[in-house]
$ cat entry_34.cif   # mmCIF, C-alpha atoms and all ligand atoms
data_protein
loop_
_atom_site.label_atom_id
_atom_site.label_comp_id
_atom_site.auth_asym_id
_atom_site.auth_seq_id
_atom_site.Cartn_x
_atom_site.Cartn_y
_atom_site.Cartn_z
CA MET A 25 0.00 0.00 0.00
CA THR A 26 1.18 3.49 -0.80
CA ASN A 27 2.17 5.68 2.11
CA PRO A 28 -0.68 8.18 2.54
CA THR A 29 1.70 11.01 3.47
CA SER A 30 3.94 10.95 0.46
CA THR A 31 6.75 13.44 -0.07
CA TYR A 32 6.68 14.95 -3.54
CA LEU A 33 10.10 15.04 -5.20
CA ASP A 34 8.94 15.23 -8.81
CA TYR A 35 8.64 18.97 -9.50
CA ALA A 36 10.07 18.54 -13.00
CA ALA A 37 6.97 16.50 -13.90
CA THR A 38 4.59 19.15 -12.62
CA THR A 39 4.07 21.58 -9.74
CA PRO A 40 1.04 22.43 -7.60
CA VAL A 41 -0.69 25.67 -8.58
CA ASP A 42 0.35 28.57 -6.35
CA ARG A 43 -2.65 29.71 -4.26
CA ARG A 44 -2.12 33.32 -5.34
CA VAL A 45 -2.35 32.10 -8.94
CA VAL A 46 -5.65 30.32 -8.23
CA GLU A 47 -6.99 33.55 -6.66
CA ALA A 48 -5.96 35.58 -9.69
CA MET A 49 -7.67 33.14 -12.07
CA LEU A 50 -10.97 32.61 -10.26
CA PRO A 51 -12.95 35.72 -11.39
CA TYR A 52 -12.29 34.85 -15.04
CA PHE A 53 -14.25 31.60 -14.77
CA THR A 54 -17.41 33.21 -13.43
CA GLU A 55 -18.15 36.97 -13.39
CA LYS A 56 -15.53 37.92 -16.01
CA PHE A 57 -16.25 35.04 -18.37
CA GLY A 58 -16.47 36.92 -21.70
CA ASN A 59 -15.08 35.84 -25.04
CA THR A 60 -12.12 38.08 -25.94
CA SER A 61 -13.42 38.32 -29.53
CA SER A 62 -16.81 39.79 -28.54
CA VAL A 63 -17.45 43.49 -29.13
CA HIS A 64 -19.49 44.11 -25.96
CA ARG A 65 -18.17 44.95 -22.53
CA PHE A 66 -17.93 41.31 -21.40
CA GLY A 67 -15.61 40.73 -24.33
CA GLN A 68 -13.64 43.90 -23.66
CA GLN A 69 -13.12 42.91 -20.03
CA ALA A 70 -11.73 39.51 -21.04
CA GLU A 71 -9.63 41.09 -23.80
CA THR A 72 -8.07 43.52 -21.32
CA ALA A 73 -7.19 40.66 -18.94
CA LEU A 74 -5.68 38.62 -21.77
CA GLU A 75 -3.58 41.52 -23.03
CA ASP A 76 -2.43 42.38 -19.50
CA ALA A 77 -1.31 38.76 -19.08
CA ARG A 78 0.55 38.95 -22.39
CA THR A 79 2.24 42.18 -21.31
CA THR A 80 3.32 40.62 -18.00
CA ILE A 81 4.85 37.63 -19.78
CA ALA A 82 6.52 39.90 -22.34
CA ALA A 83 8.10 41.88 -19.49
CA CYS A 84 9.55 38.63 -18.03
CA LEU A 85 10.89 37.70 -21.47
CA ASN A 86 12.10 41.25 -22.27
CA CYS A 87 10.16 41.33 -25.53
CA GLN A 88 7.11 43.03 -27.03
CA PRO A 89 3.63 41.73 -26.13
CA GLU A 90 2.98 41.05 -29.84
CA GLU A 91 5.82 38.52 -29.71
CA VAL A 92 4.05 36.31 -27.13
CA LEU A 93 1.49 33.72 -28.28
CA PHE A 94 -0.65 31.73 -25.89
CA THR A 95 -0.94 28.01 -26.63
CA SER A 96 -2.47 25.07 -24.75
CA CYS A 97 0.82 23.73 -23.32
CA GLY A 98 4.57 23.55 -23.68
CA SER A 99 4.18 20.66 -26.12
CA GLU A 100 1.97 22.74 -28.38
CA SER A 101 4.46 25.61 -28.29
CA ASP A 102 7.19 23.19 -29.40
CA ASN A 103 4.94 21.79 -32.15
CA LEU A 104 4.03 25.23 -33.46
CA ALA A 105 7.64 26.40 -33.42
CA LEU A 106 9.09 23.35 -35.17
CA ARG A 107 6.38 22.78 -37.74
CA GLY A 108 5.57 26.45 -38.31
CA LEU A 109 9.18 27.60 -38.71
CA ALA A 110 10.18 24.60 -40.85
CA LEU A 111 7.27 24.98 -43.28
CA ALA A 112 7.78 28.75 -43.55
CA ALA A 113 11.52 28.37 -44.19
CA ARG A 114 10.82 25.83 -46.90
CA ARG A 115 8.30 28.10 -48.60
CA GLN A 116 10.45 31.23 -48.30
CA ARG A 117 13.92 29.98 -49.07
CA ASP A 118 13.70 26.29 -50.01
CA ALA A 119 15.29 25.33 -46.71
CA ASN A 120 15.01 21.61 -46.05
CA HIS A 121 17.45 20.82 -43.23
CA ILE A 122 16.53 20.68 -39.53
CA LEU A 123 19.13 20.59 -36.75
CA ILE A 124 18.17 19.56 -33.22
CA SER A 125 20.02 18.14 -30.24
CA PRO A 126 19.64 14.43 -29.39
CA VAL A 127 18.47 15.32 -25.87
CA GLU A 128 15.22 17.11 -26.75
CA HIS A 129 11.85 16.49 -25.11
CA HIS A 130 9.59 14.30 -27.28
CA ALA A 131 7.47 17.37 -28.08
CA VAL A 132 10.45 18.56 -30.15
CA SER A 133 12.05 15.30 -31.24
CA HIS A 134 8.85 13.56 -32.35
CA THR A 135 7.71 16.68 -34.20
CA ALA A 136 11.07 16.77 -35.97
CA ASP A 137 10.73 13.04 -36.77
CA GLN A 138 7.33 13.70 -38.32
CA LEU A 139 8.70 16.62 -40.36
CA ALA A 140 11.32 14.20 -41.70
CA GLU A 141 9.05 11.22 -42.31
CA ILE A 142 5.92 12.90 -43.66
CA PHE A 143 7.17 16.22 -44.98
CA GLY A 144 10.55 15.08 -46.32
CA PHE A 145 12.81 17.36 -44.27
CA GLU A 146 16.38 16.21 -43.68
CA LEU A 147 16.77 15.84 -39.91
CA GLU A 148 20.23 15.98 -38.37
CA LEU A 149 21.08 15.44 -34.69
CA LEU A 150 23.87 17.51 -33.17
CA PRO A 151 26.49 15.64 -31.12
CA VAL A 152 26.50 16.07 -27.31
CA ASP A 153 29.18 15.49 -24.69
CA ARG A 154 28.76 13.09 -21.76
CA PHE A 155 26.76 15.74 -19.89
CA GLY A 156 24.26 16.07 -22.73
CA LEU A 157 25.56 19.46 -23.88
CA VAL A 158 25.97 20.65 -27.46
CA SER A 159 29.11 22.64 -28.25
CA PRO A 160 28.89 25.92 -30.20
CA ARG A 161 31.69 24.67 -32.44
CA ASP A 162 29.67 21.59 -33.46
CA LEU A 163 26.64 23.75 -34.17
CA ALA A 164 28.67 26.15 -36.33
CA ALA A 165 30.13 23.22 -38.29
CA ARG A 166 26.72 21.77 -39.10
CA LEU A 167 24.74 24.87 -40.00
CA ARG A 168 24.02 25.10 -43.73
CA PRO A 169 22.50 27.79 -45.93
CA ASP A 170 19.47 25.51 -46.34
CA THR A 171 19.02 24.91 -42.58
CA ALA A 172 15.38 25.73 -41.87
CA LEU A 173 15.75 25.95 -38.09
CA VAL A 174 17.78 24.88 -35.10
CA SER A 175 16.18 23.68 -31.86
CA ILE A 176 18.23 23.20 -28.69
CA ILE A 177 16.69 22.62 -25.27
CA TYR A 178 17.49 25.27 -22.61
CA ALA A 179 17.34 23.09 -19.45
CA ASN A 180 16.99 19.36 -19.81
CA ASN A 181 14.03 17.73 -18.07
CA GLU A 182 15.69 14.34 -17.63
CA ILE A 183 19.26 15.20 -16.70
CA GLY A 184 19.06 18.84 -15.63
CA SER A 185 21.92 20.12 -17.83
CA VAL A 186 21.59 23.77 -18.87
CA HIS A 187 22.73 25.07 -22.25
CA ARG A 188 24.36 28.50 -22.65
CA LEU A 189 21.88 29.48 -25.32
CA ALA A 190 23.42 32.85 -26.15
CA GLU A 191 26.46 31.12 -27.66
CA PHE A 192 24.18 29.28 -30.07
CA GLY A 193 22.05 32.34 -30.67
CA SER A 194 24.89 34.47 -31.94
CA ILE A 195 26.05 31.71 -34.31
CA CYS A 196 22.56 31.25 -35.75
CA ARG A 197 21.99 34.98 -36.01
CA GLU A 198 25.18 35.50 -38.06
CA ARG A 199 23.76 33.08 -40.63
CA SER A 200 20.13 34.27 -40.30
CA ILE A 201 18.90 30.80 -39.25
CA PRO A 202 16.09 30.81 -36.65
CA LEU A 203 16.94 29.30 -33.26
CA HIS A 204 14.16 27.79 -31.14
CA SER A 205 14.60 26.62 -27.58
CA ASP A 206 12.37 24.50 -25.38
CA ALA A 207 12.58 26.46 -22.10
CA VAL A 208 9.75 24.62 -20.36
CA GLN A 209 11.97 23.49 -17.47
CA ALA A 210 13.74 26.85 -17.31
CA GLY A 211 10.78 29.10 -16.46
CA ALA A 212 10.97 28.42 -12.73
CA TYR A 213 14.74 28.65 -12.27
CA LEU A 214 16.59 30.48 -15.04
CA PRO A 215 16.43 33.93 -16.62
CA VAL A 216 14.31 33.93 -19.77
CA ASP A 217 15.43 37.24 -21.28
CA VAL A 218 15.18 36.41 -24.97
CA GLN A 219 17.45 39.32 -25.99
CA ARG A 220 20.28 37.99 -23.86
CA LEU A 221 19.61 34.40 -24.87
CA GLN A 222 19.51 35.53 -28.53
CA VAL A 223 16.77 33.08 -29.44
CA ASP A 224 14.10 33.63 -32.09
CA ALA A 225 11.50 31.32 -30.56
CA LEU A 226 11.13 29.98 -27.01
CA SER A 227 8.56 27.61 -25.49
CA LEU A 228 7.13 27.82 -21.97
CA GLY A 229 4.56 25.72 -20.10
CA ALA A 230 2.82 27.12 -17.02
CA HIS A 231 2.47 23.95 -14.96
CA LYS A 232 6.24 23.65 -14.54
CA PHE A 233 6.34 26.94 -12.61
CA TYR A 234 3.34 26.69 -10.27
CA GLY A 235 0.82 27.73 -12.90
CA PRO A 236 -2.09 25.67 -14.23
CA LYS A 237 -1.82 22.70 -16.58
CA GLY A 238 -3.23 23.28 -20.05
CA ILE A 239 -1.58 26.57 -21.00
CA GLY A 240 1.73 27.48 -22.55
CA ALA A 241 3.31 30.31 -24.46
CA LEU A 242 5.55 30.67 -27.46
CA TYR A 243 7.83 33.65 -27.83
CA LEU A 244 8.29 34.41 -31.51
CA ARG A 245 10.67 37.19 -32.55
CA SER A 246 8.93 39.78 -34.67
CA GLY A 247 9.59 39.29 -38.39
CA ILE A 248 10.51 35.58 -38.17
CA PRO A 249 8.51 33.77 -40.89
CA ILE A 250 6.12 31.17 -39.50
CA ILE A 251 3.07 29.30 -40.76
CA ALA A 252 0.08 28.74 -38.47
CA THR A 253 -0.42 25.07 -37.70
CA GLN A 254 -3.82 25.53 -36.06
CA THR A 255 -6.07 27.53 -38.36
CA GLY A 256 -9.48 29.05 -37.79
CA GLY A 257 -10.21 32.45 -36.27
CA GLY A 258 -7.63 35.20 -36.06
CA HIS A 259 -6.67 34.59 -32.44
CA GLU A 260 -3.09 35.03 -31.33
CA PHE A 261 -2.14 37.20 -34.32
CA GLY A 262 -3.58 34.63 -36.70
CA LEU A 263 -1.09 31.99 -35.54
CA ARG A 264 -3.14 29.91 -33.12
CA ALA A 265 -6.88 29.73 -33.61
CA GLY A 266 -9.19 28.95 -30.69
CA THR A 267 -11.19 31.02 -28.20
CA SER A 268 -8.73 32.51 -25.74
CA ASN A 269 -8.38 30.79 -22.38
CA THR A 270 -8.47 33.98 -20.33
CA PRO A 271 -8.36 32.49 -16.80
CA TYR A 272 -5.38 30.29 -17.64
CA ALA A 273 -3.54 33.12 -19.38
CA VAL A 274 -4.05 35.27 -16.28
CA GLY A 275 -2.77 32.38 -14.14
CA MET A 276 0.26 31.74 -16.31
CA ALA A 277 1.28 35.39 -16.22
CA ALA A 278 0.96 35.57 -12.43
CA ALA A 279 2.90 32.33 -11.99
CA LEU A 280 5.75 33.39 -14.28
CA LYS A 281 6.01 36.80 -12.62
CA TRP A 282 6.31 35.24 -9.15
CA ALA A 283 8.70 32.52 -10.29
CA GLN A 284 10.97 35.01 -12.01
CA ALA A 285 10.84 37.50 -9.13
CA ASP A 286 13.18 35.50 -6.90
CA LEU A 287 15.29 33.25 -9.11
CA ALA A 288 18.48 33.72 -7.12
CA GLY A 289 16.93 33.12 -3.69
CA THR A 290 14.95 30.05 -4.73
CA GLY A 291 17.87 28.70 -6.71
CA ALA A 292 20.33 29.03 -3.84
CA ARG A 293 17.99 27.40 -1.32
CA LEU A 294 17.26 24.43 -3.59
CA ALA A 295 20.81 24.04 -4.90
CA ALA A 296 22.14 23.59 -1.34
CA MET A 297 19.73 20.68 -0.75
CA ARG A 298 20.37 19.28 -4.22
CA ASP A 299 24.14 19.29 -3.71
CA HIS A 300 23.81 17.55 -0.36
CA LEU A 301 21.56 14.92 -1.94
CA ILE A 302 23.93 14.31 -4.86
CA GLY A 303 26.97 14.12 -2.59
CA GLN A 304 25.34 11.63 -0.23
CA VAL A 305 24.02 9.38 -3.01
CA LEU A 306 27.37 9.17 -4.76
CA GLU A 307 29.17 8.56 -1.46
CA ASN A 308 26.85 5.93 -0.01
CA ILE A 309 25.55 3.94 -2.96
CA ALA A 310 27.81 1.68 -5.00
CA GLU A 311 27.73 1.77 -8.81
CA ALA A 312 25.90 5.06 -8.91
CA GLN A 313 26.53 7.92 -11.35
CA LEU A 314 25.18 11.43 -11.61
CA THR A 315 23.62 12.11 -15.02
CA GLY A 316 23.90 15.57 -16.54
CA HIS A 317 26.38 18.29 -15.73
CA PRO A 318 27.62 18.57 -12.11
CA ASP A 319 27.29 22.41 -11.89
CA GLN A 320 25.77 23.66 -15.12
CA ARG A 321 22.38 22.22 -14.14
CA LEU A 322 18.96 23.22 -12.82
CA PRO A 323 19.20 24.14 -9.12
CA ASN A 324 16.35 21.79 -8.15
CA HIS A 325 17.46 18.81 -10.23
CA ALA A 326 19.33 15.65 -9.23
CA SER A 327 19.44 12.66 -11.57
CA PHE A 328 21.26 9.38 -11.34
CA VAL A 329 21.75 5.98 -12.89
CA PHE A 330 22.31 2.86 -10.78
CA ARG A 331 23.88 -0.09 -12.54
CA GLY A 332 21.75 -3.22 -12.86
CA ILE A 333 18.65 -1.64 -11.28
CA ASP A 334 15.21 -1.56 -12.91
CA GLY A 335 14.23 2.11 -12.71
CA ASN A 336 10.52 1.39 -12.61
CA GLU A 337 10.88 -1.09 -9.74
CA LEU A 338 12.91 1.49 -7.88
CA LEU A 339 10.17 4.10 -8.36
CA MET A 340 7.53 1.71 -7.05
CA MET A 341 9.60 0.89 -3.97
CA LEU A 342 10.18 4.57 -3.28
CA ASP A 343 6.48 5.26 -3.71
CA ILE A 344 5.68 2.60 -1.11
CA ALA A 345 8.27 4.18 1.19
CA GLY A 346 6.49 7.53 0.73
CA PHE A 347 8.56 9.33 -1.91
CA ALA A 348 7.31 10.42 -5.35
CA CYS A 349 10.16 10.54 -7.87
CA SER A 350 10.57 9.84 -11.56
CA SER A 351 12.84 7.76 -13.74
CA GLY A 352 13.49 10.58 -16.17
CA SER A 353 10.78 11.91 -18.36
CA ALA A 354 7.30 11.28 -16.92
CA CYS A 355 6.11 10.25 -20.36
CA LYS A 356 8.58 7.36 -20.52
CA THR A 357 7.62 5.37 -17.46
CA GLY A 358 6.31 1.95 -18.33
CA LEU A 359 8.46 1.54 -21.42
CA PRO A 360 11.18 -1.11 -21.08
CA GLU A 361 13.55 0.73 -23.45
CA PRO A 362 16.29 2.99 -22.03
CA SER A 363 15.64 6.68 -22.62
CA GLU A 364 17.09 8.22 -25.79
CA VAL A 365 18.53 11.03 -23.71
CA LEU A 366 20.52 8.66 -21.47
CA THR A 367 21.59 6.64 -24.50
CA ALA A 368 22.83 9.87 -26.15
CA LEU A 369 25.15 10.39 -23.15
CA GLY A 370 26.85 7.13 -24.08
CA LEU A 371 25.43 5.11 -21.16
CA SER A 372 25.06 1.39 -21.75
CA ARG A 373 21.72 -0.36 -21.26
CA ASP A 374 22.54 -1.86 -17.84
CA TRP A 375 23.19 1.66 -16.53
CA ALA A 376 20.54 3.57 -18.49
CA LEU A 377 17.65 1.33 -17.39
CA GLY A 378 18.37 2.21 -13.75
CA SER A 379 17.63 5.92 -13.87
CA LEU A 380 16.18 8.07 -11.11
CA ARG A 381 15.22 11.74 -11.19
CA VAL A 382 14.71 13.62 -7.94
CA THR A 383 13.46 17.18 -8.41
CA LEU A 384 12.94 19.58 -5.53
CA GLY A 385 10.53 22.48 -5.23
CA ARG A 386 9.03 25.17 -3.03
CA ALA A 387 7.78 22.79 -0.34
CA THR A 388 10.97 20.71 -0.10
CA THR A 389 12.86 20.93 3.20
CA PRO A 390 16.27 19.61 4.30
CA ALA A 391 14.37 17.16 6.55
CA ASP A 392 12.70 15.66 3.44
CA ILE A 393 16.13 14.97 1.96
CA GLU A 394 17.39 13.44 5.22
CA ARG A 395 14.44 11.03 5.25
CA PHE A 396 14.77 10.31 1.54
CA LEU A 397 18.44 9.26 1.58
CA PRO A 398 18.09 6.13 3.79
CA ALA A 399 14.90 5.16 1.93
CA LEU A 400 16.78 5.27 -1.36
CA THR A 401 19.71 3.30 0.01
CA SER A 402 17.49 0.54 1.36
CA ALA A 403 15.44 0.37 -1.85
CA ILE A 404 18.61 -0.08 -3.91
CA ASP A 405 19.99 -2.64 -1.43
CA ALA A 406 16.73 -4.61 -1.57
CA LEU A 407 16.65 -4.60 -5.36
CA ARG A 408 20.28 -5.66 -5.59
CA ALA A 409 19.81 -8.42 -2.99
CA GLY A 410 16.63 -9.70 -4.70
C1 LIG B 501 7.02 19.27 -19.45
C2 LIG B 501 7.87 19.57 -20.62
C3 LIG B 501 7.32 19.77 -21.90
C4 LIG B 501 5.85 19.62 -22.16
O1 LIG B 501 5.13 20.67 -21.58
P1 LIG B 501 3.53 20.47 -21.38
O2 LIG B 501 3.09 21.83 -20.95
O3 LIG B 501 3.38 19.44 -20.32
O4 LIG B 501 3.00 20.05 -22.69
C5 LIG B 501 8.16 20.09 -22.94
N1 LIG B 501 9.49 20.20 -22.76
C6 LIG B 501 10.06 20.04 -21.57
C7 LIG B 501 11.53 20.22 -21.42
C8 LIG B 501 9.27 19.71 -20.45
O5 LIG B 501 9.85 19.53 -19.27
#
$ encode --input "entry_34.cif" --output "structure tokens"
Amino acid sequence: MTNPTSTYLDYAATTPVDRRVVEAMLPYFTEKFGNTSSVHRFGQQAETALEDARTTIAACLNCQPEEVLFTSCGSESDNLALRGLALAARRQRDANHILISPVEHHAVSHTADQLAEIFGFELELLPVDRFGLVSPRDLAARLRPDTALVSIIYANNEIGSVHRLAEFGSICRERSIPLHSDAVQAGAYLPVDVQRLQVDALSLGAHKFYGPKGIGALYLRSGIPIIATQTGGGHEFGLRAGTSNTPYAVGMAAALKWAQADLAGTGARLAAMRDHLIGQVLENIAEAQLTGHPDQRLPNHASFVFRGIDGNELLMMLDIAGFACSSGSACKTGLPEPSEVLTALGLSRDWALGSLRVTLGRATTPADIERFLPALTSAIDALRAG
């Protein structure tokens, strides 16, 4: 039986909605329920709230409000960016080559696969080092005049490694090739100033930073050619049809503003606990490795592989002991195959199948980590003895 008082250590999978965010959203479900497209005052009220939310997000991103599109989730933002930029680049300049990293979220990698298989684009994967990081030199060497777009993840959901996007941005900009980045994990912990990052498109998803599930945003630099992939009404500057989800947009804006307001403080508090956790695991558990970069990583993120362990069995044992963790990407649990991300790091199957991701968040305390460490050690001992 599952422990009824479970400790949540899976903040990279999703976060609870901040109560202040819930409060901000509530009026837009009931009294202020108008359709932003309506001419009357109900519509105007909703329209004002939507545009205020867009302006708040634009301020966090250091861009113009017209450069922020609301979508239904981070996955949709990735889909729109990849498909929309690729198809526009093909139409405008016959570009047929797509470059992505091999450590992308499936929302990027499977969209790129489909662009290759169904639409005939040539898909090329950039090399990564053992921490899952792309080097600027490798990107520069692979860019071609007919490259339609580049997509490189900002902060990796499975292994926590963080890319220095600005280095890629300046290379792409010199050649006028659009650079997209999946920043869904970054919203809660890293600066998302798109001018500094030098990206042309950037995906966010609200539920990773204490906002609601079911809403995301795509930053799209003004003037970058893109083709709408969801057509219909003229919502979101004609790029994403569908009646605007005003309450969720209001919630996403509030959540991003509060997450970005104290990046340094939150980051320092979580990184101290994360470093203690990583140090103790590597010291006390045999045949354990950290995955991802030791320092250039999300402050809340610890990820490991344990040789000869079945990652799913480990998760179930931890759940019974009262700890909610993940084996990498939440979408991959249940599949017997090792994750593509871990394989891209060069890990063999007997290591890669034994992955564990422990991600901390606002409610995590040092006492949680102290209780977690012996539970993890005994779970691994039991699995290795059995
Ligand atoms: C969670 C996540 C996504 C998907 O976002 P949704 O809003 O859940 O669709 C995409 N990329 C990364 C890196 C993520 O962590």
$ residues_around --input "entry_34.cif" --residues "His300 of chain A" --least-positions-apart "5" --cutoff "10 Å" --atoms "only C-alpha atoms" --output "number ranges by chain"
A: 295, 305, 390, 393-394
$ residues_near_ligand --input "entry_34.cif" --ligand "ligand LIG 501 (chain B)" --cutoff "9 Å" --atoms "all atoms listed in the file" --output "ChimeraX atom specification"
/A:36-38,96-102,128-132,177-182,206-210,227-232,237-240,353-354
$ residues_around --input "entry_34.cif" --residues "Ile302 of chain A" --least-positions-apart "6" --cutoff "12 Å" --atoms "all atoms listed in the file" --output "ChimeraX atom specification"
/A:295-296,308-309,312-319,323-329,380-383,393,396-397
$ residues_around --input "entry_34.cif" --residues "segment 66-81 of chain A" --least-positions-apart "3" --cutoff "12 Å" --atoms "all atoms listed in the file" --output "PDB file with C-alpha atoms, keeping the file's coordinate frame"
ATOM      1  CA  ALA A  48      -5.960  35.580  -9.690  1.00  0.00           C
ATOM      2  CA  MET A  49      -7.670  33.140 -12.070  1.00  0.00           C
ATOM      3  CA  PRO A  51     -12.950  35.720 -11.390  1.00  0.00           C
ATOM      4  CA  TYR A  52     -12.290  34.850 -15.040  1.00  0.00           C
ATOM      5  CA  PHE A  53     -14.250  31.600 -14.770  1.00  0.00           C
ATOM      6  CA  THR A  54     -17.410  33.210 -13.430  1.00  0.00           C
ATOM      7  CA  GLU A  55     -18.150  36.970 -13.390  1.00  0.00           C
ATOM      8  CA  LYS A  56     -15.530  37.920 -16.010  1.00  0.00           C
ATOM      9  CA  PHE A  57     -16.250  35.040 -18.370  1.00  0.00           C
ATOM     10  CA  GLY A  58     -16.470  36.920 -21.700  1.00  0.00           C
ATOM     11  CA  ASN A  59     -15.080  35.840 -25.040  1.00  0.00           C
ATOM     12  CA  THR A  60     -12.120  38.080 -25.940  1.00  0.00           C
ATOM     13  CA  SER A  61     -13.420  38.320 -29.530  1.00  0.00           C
ATOM     14  CA  SER A  62     -16.810  39.790 -28.540  1.00  0.00           C
ATOM     15  CA  VAL A  63     -17.450  43.490 -29.130  1.00  0.00           C
ATOM     16  CA  CYS A  84       9.550  38.630 -18.030  1.00  0.00           C
ATOM     17  CA  LEU A  85      10.890  37.700 -21.470  1.00  0.00           C
ATOM     18  CA  ASN A  86      12.100  41.250 -22.270  1.00  0.00           C
ATOM     19  CA  CYS A  87      10.160  41.330 -25.530  1.00  0.00           C
ATOM     20  CA  GLN A  88       7.110  43.030 -27.030  1.00  0.00           C
ATOM     21  CA  PRO A  89       3.630  41.730 -26.130  1.00  0.00           C
ATOM     22  CA  GLU A  90       2.980  41.050 -29.840  1.00  0.00           C
ATOM     23  CA  GLU A  91       5.820  38.520 -29.710  1.00  0.00           C
ATOM     24  CA  VAL A  92       4.050  36.310 -27.130  1.00  0.00           C
ATOM     25  CA  LEU A  93       1.490  33.720 -28.280  1.00  0.00           C
ATOM     26  CA  PHE A  94      -0.650  31.730 -25.890  1.00  0.00           C
ATOM     27  CA  THR A  95      -0.940  28.010 -26.630  1.00  0.00           C
ATOM     28  CA  GLY A 211      10.780  29.100 -16.460  1.00  0.00           C
ATOM     29  CA  VAL A 216      14.310  33.930 -19.770  1.00  0.00           C
ATOM     30  CA  ASP A 217      15.430  37.240 -21.280  1.00  0.00           C
ATOM     31  CA  VAL A 218      15.180  36.410 -24.970  1.00  0.00           C
ATOM     32  CA  LEU A 228       7.130  27.820 -21.970  1.00  0.00           C
ATOM     33  CA  GLY A 229       4.560  25.720 -20.100  1.00  0.00           C
ATOM     34  CA  ALA A 230       2.820  27.120 -17.020  1.00  0.00           C
ATOM     35  CA  GLY A 240       1.730  27.480 -22.550  1.00  0.00           C
ATOM     36  CA  ALA A 241       3.310  30.310 -24.460  1.00  0.00           C
ATOM     37  CA  LEU A 242       5.550  30.670 -27.460  1.00  0.00           C
ATOM     38  CA  TYR A 243       7.830  33.650 -27.830  1.00  0.00           C
ATOM     39  CA  HIS A 259      -6.670  34.590 -32.440  1.00  0.00           C
ATOM     40  CA  GLU A 260      -3.090  35.030 -31.330  1.00  0.00           C
ATOM     41  CA  THR A 267     -11.190  31.020 -28.200  1.00  0.00           C
ATOM     42  CA  SER A 268      -8.730  32.510 -25.740  1.00  0.00           C
ATOM     43  CA  ASN A 269      -8.380  30.790 -22.380  1.00  0.00           C
ATOM     44  CA  THR A 270      -8.470  33.980 -20.330  1.00  0.00           C
ATOM     45  CA  PRO A 271      -8.360  32.490 -16.800  1.00  0.00           C
ATOM     46  CA  TYR A 272      -5.380  30.290 -17.640  1.00  0.00           C
ATOM     47  CA  ALA A 273      -3.540  33.120 -19.380  1.00  0.00           C
ATOM     48  CA  VAL A 274      -4.050  35.270 -16.280  1.00  0.00           C
ATOM     49  CA  GLY A 275      -2.770  32.380 -14.140  1.00  0.00           C
ATOM     50  CA  MET A 276       0.260  31.740 -16.310  1.00  0.00           C
ATOM     51  CA  ALA A 277       1.280  35.390 -16.220  1.00  0.00           C
ATOM     52  CA  ALA A 278       0.960  35.570 -12.430  1.00  0.00           C
ATOM     53  CA  ALA A 279       2.900  32.330 -11.990  1.00  0.00           C
ATOM     54  CA  LEU A 280       5.750  33.390 -14.280  1.00  0.00           C
ATOM     55  CA  LYS A 281       6.010  36.800 -12.620  1.00  0.00           C
ATOM     56  CA  TRP A 282       6.310  35.240  -9.150  1.00  0.00           C
ATOM     57  CA  ALA A 283       8.700  32.520 -10.290  1.00  0.00           C
ATOM     58  CA  GLN A 284      10.970  35.010 -12.010  1.00  0.00           C
TER      59      GLN A 284
END
$ atom_distance --input "entry_34.cif" --atom1 "atom CA of Ala285 of chain A" --atom2 "atom CA of Asp34 of chain A"
22.4 Å
$ atom_distance --input "entry_34.cif" --atom1 "atom CA of Ser402 of chain A" --atom2 "atom CA of Ile183 of chain A"
23.3 Å
$ closest_residue --input "entry_34.cif" --among "A:Val45, A:Leu167, A:Ile248, A:Ala368" --to "Ala113 of chain A" --atoms "only C-alpha atoms"
A:Ile248
$ closest_residue --input "entry_34.cif" --among "A:Leu111, A:Cys349, A:Leu377, A:Met341" --to "Ala399 of chain A" --atoms "only C-alpha atoms"
A:Met341
$ closest_residue --input "entry_34.cif" --among "A:Asp405, A:Asp224, A:Asp286, A:Glu361" --to "Ile250 of chain A" --atoms "all atoms listed in the file"
A:Asp224
$ atom_distance --input "entry_34.cif" --atom1 "atom CA of Ala172 of chain A" --atom2 "atom CA of Gly108 of chain A"
10.5 Å
$ closest_residue --input "entry_34.cif" --among "A:Ser372, A:Asp334, A:Arg264, A:Asp343" --to "Ile404 of chain A" --atoms "only C-alpha atoms"
A:Asp334
$ residues_around --input "entry_34.cif" --residues "Ala387 of chain A" --least-positions-apart "5" --cutoff "10 Å" --atoms "only C-alpha atoms" --output "ChimeraX atom specification"
/A:31-33,35,40,392
$ write_last_selection --input "entry_34.cif" --atoms "C-alpha atoms" --output "CSV table (one decimal), in the coordinates of the input"
chain,number,residue,atom,x,y,z
A,31,THR,CA,6.8,13.4,-0.1
A,32,TYR,CA,6.7,15.0,-3.5
A,33,LEU,CA,10.1,15.0,-5.2
A,35,TYR,CA,8.6,19.0,-9.5
A,40,PRO,CA,1.0,22.4,-7.6
A,392,ASP,CA,12.7,15.7,3.4
$ closest_residue --input "entry_34.cif" --among "A:Glu148, A:Glu364, A:Glu141, A:Asp118" --to "Asp170 of chain A" --atoms "only C-alpha atoms"
A:Asp118
